[in-house]
Number of protein chains: 2
Amino acid sequence: MKQTAGRNPPGEGLRERKRRETAKRIKETGIRLFIERGYDAATIDDIAAEAGISRRTFFYYYKSKDDILMSLQSALGDILAERLREEPDDKRPLDAVRDAALRVSATVPKDEMLVLDRLMRSSEAVQARKVASYVQHEGTLFAALREKWPEPERETALRLIAMLSFGAVRLSLDAFNREGGKRPLVELLRDAFDVLEAEI
Amino acid sequence: MKQTAGRNPPGEGLRERKRRETAKRIKETGIRLFIERGYDAATIDDIAAEAGISRRTFFYYYKSKDDILMSLQSALGDILAERLREEPDDKRPLDAVRDAALRVSATVPKDEMLVLDRLMRSSEAVQARKVASYVQHEGTLFAALREKWPEPERETALRLIAMLSFGAVRLSLDAFNREGGKRPLVELLRDAFDVLEAEI
DNA sequence: TGCAAACTTGCACTGAGTGTAGTGTAATTT
DNA sequence: AAATTACACTACACTCAGTGCAAGTTTGCA
């Protein structure tokens with residue numbers, strides 16, 4: 001009972017812990033340098049050096065430079081889907097998504113969002129990846145909706161609702177960043193969904 | 001009358017003509033090689049050599065490798081906006097977009113579309129750019145809609161309609177490519193807009 | 001202890017994209 | 001027609017992202 005249990009009190013191996021620490025350190029170093037010097041000017045050599053690893057090891061953890069930024073972005077769809085699963089089944093799908101989105105938006109750190117958005121705009125390729133990830137999130141959201149309302153005859157409707165509601169999220173995020181966080185995201189989201197209701 | 005008039009019967013200088021010819025030759029060579037060898041395997045050196053220009057000149061005409069593919073994609077939004085301008089003002093905006101989209105889709109060469117779609121899927125970065133260009137087209141469409149219905153109080157509604165209808169276009173294109181062009185694009189589009197009407 | 005898998009690194013290489021400076025030719029000016 | 005300017009094109013040299021490979025080191029486990 002000493003071989004494994006004695007070495008990982010927290011839960012899983014020291015290896016796993018170090019791995020996560022290294023990944024996190026690389027990510028944070030990368031973002032810091034992106035902010036300090038700009039996305040293009042911060043080279044992978046710089047990041048690796050400051051994170052205390054070799055250039056080659058960078059690619060062991062992240063498959064590309066923009067992967068660092070995408071690792072932040074990619075969480076969004078999953079989190080929204082997760083919150084959606086917690087919503088009661090008797091709501092209308094669109095309302096469920098709205099409420100889930102509102103709960104997510106309340107926990108997003110404002111300044112971080114603005115900084116990251118500005119960062120992503122500095123590189124065309126990154127910006128493209130970000131927008132593309134929205135569409136992927138739409139797919140994730142659709143899958144979560146289907147899970148909740150699996151009736152086959154609702155499929156097209158759900159696909160549409162995913163598109164619509166993620167569109168509302170997208171428009172809200174864009175508006176939020178465009179006006180530099182002047183109005184809170186929660187408010188913008190509520191407005192967007194209200195317009196959705198009113199217009200359709 | 002021989003110095004200038006005698007040299008440009010078509011209208012504008014020989015320089016302009018050669019320029020367009022070269023740009024076209026590079027583009028066509030690029031696409032051919034992408035198809036023959038795959039996007040990644042076809043290097044810019046290859047394309048430049050086969051197009052009879054230097055590597056450096058490639059970048060004089062296109063700012064990146066994927067710019068060749070994007071130059072095809074980017075037309076879509078503009079064409080749709082153009083057709084939309086030809087629609088009568090007394091239609092409902094959504095109907096106007098639908099009819100414009102139907103007219104565009106009737107003129108799109110099927111095989112070319114399928115080939116290009118397959119190509120774009122072979123590179124993540126290109127695929128991301130393609131999806132991002134959809135969002136840009138949505139913006140172009142919105143601008144065209146505003147031009148036609150400039151009443152300020154309709155703005156949010158039009159933004160929504162642009163999102164919705166371009167979403168329908170996007171879903172149709174995806175379905176078309178997914179099923180390998182089995183059903184004609186016009187039909188898929190009509191269905192998508194019908195669903196839109198029925199569900200909202 | 002010893003072995004296998006996971007982690008880490010250096011080295012060498014390909015390919016995209018940029019800066020620069022220079023050449024030839026079309027277009028303009030005088 | 002000659003001189004000037006602007007554009008198309010090129011070679012060369014460079015930076016940087018990303019990959020393949022062949023090591024080495026560390027950790028987990030029997």
# chains A, B, ... in the order shown; residues from 1 in each chain; ligands from 1
$ residues_around --residues "stretch 78-92 of chain B" --least-positions-apart "3" --cutoff "10 Å" --atoms "only C-alpha atoms (C1' of nucleotides)" --output "PyMOL selection string"
chain B and resi 74-75+95-105+137-138+140-145+147-149
$ closest_atom_pairs --of "chain B" --to "chain A" --cutoff "6 Å" --atoms "only C-alpha atoms" --output "JSON lines"
{"residue": "B:Ala128", "atom": "CA", "partner": "A:Ala132", "partner_atom": "CA", "distance": 5.1}
{"residue": "B:Arg129", "atom": "CA", "partner": "A:Ala128", "partner_atom": "CA", "distance": 5.1}
{"residue": "B:Val131", "atom": "CA", "partner": "A:Ala132", "partner_atom": "CA", "distance": 5.4}
{"residue": "B:Ala132", "atom": "CA", "partner": "A:Ala128", "partner_atom": "CA", "distance": 5.1}
{"residue": "B:Ile200", "atom": "CA", "partner": "A:Ile200", "partner_atom": "CA", "distance": 5.4}
$ residues_around --residues "stretch 2-8 of chain D" --least-positions-apart "3" --cutoff "10 Å" --atoms "only C-alpha atoms (C1' of nucleotides)" --output "number ranges by chain"
B: 15, 18-19, 57, 60; C: 24-30
$ residues_around --residues "A:Asp46" --least-positions-apart "5" --cutoff "12 Å" --atoms "only C-alpha atoms (C1' of nucleotides)" --output "VMD selection string"
(chain A and resid 26 29 to 34 36 to 37 39 to 41 51 to 55 58 65) or (chain D and resid 16)
$ atom_distance --atom1 "atom CA of A:Ser71" --atom2 "atom C1' of C:DT14"
27.1 Å
$ calpha_fit_rmsd --fixed "chain A" --moving "chain B"
0.5 Å
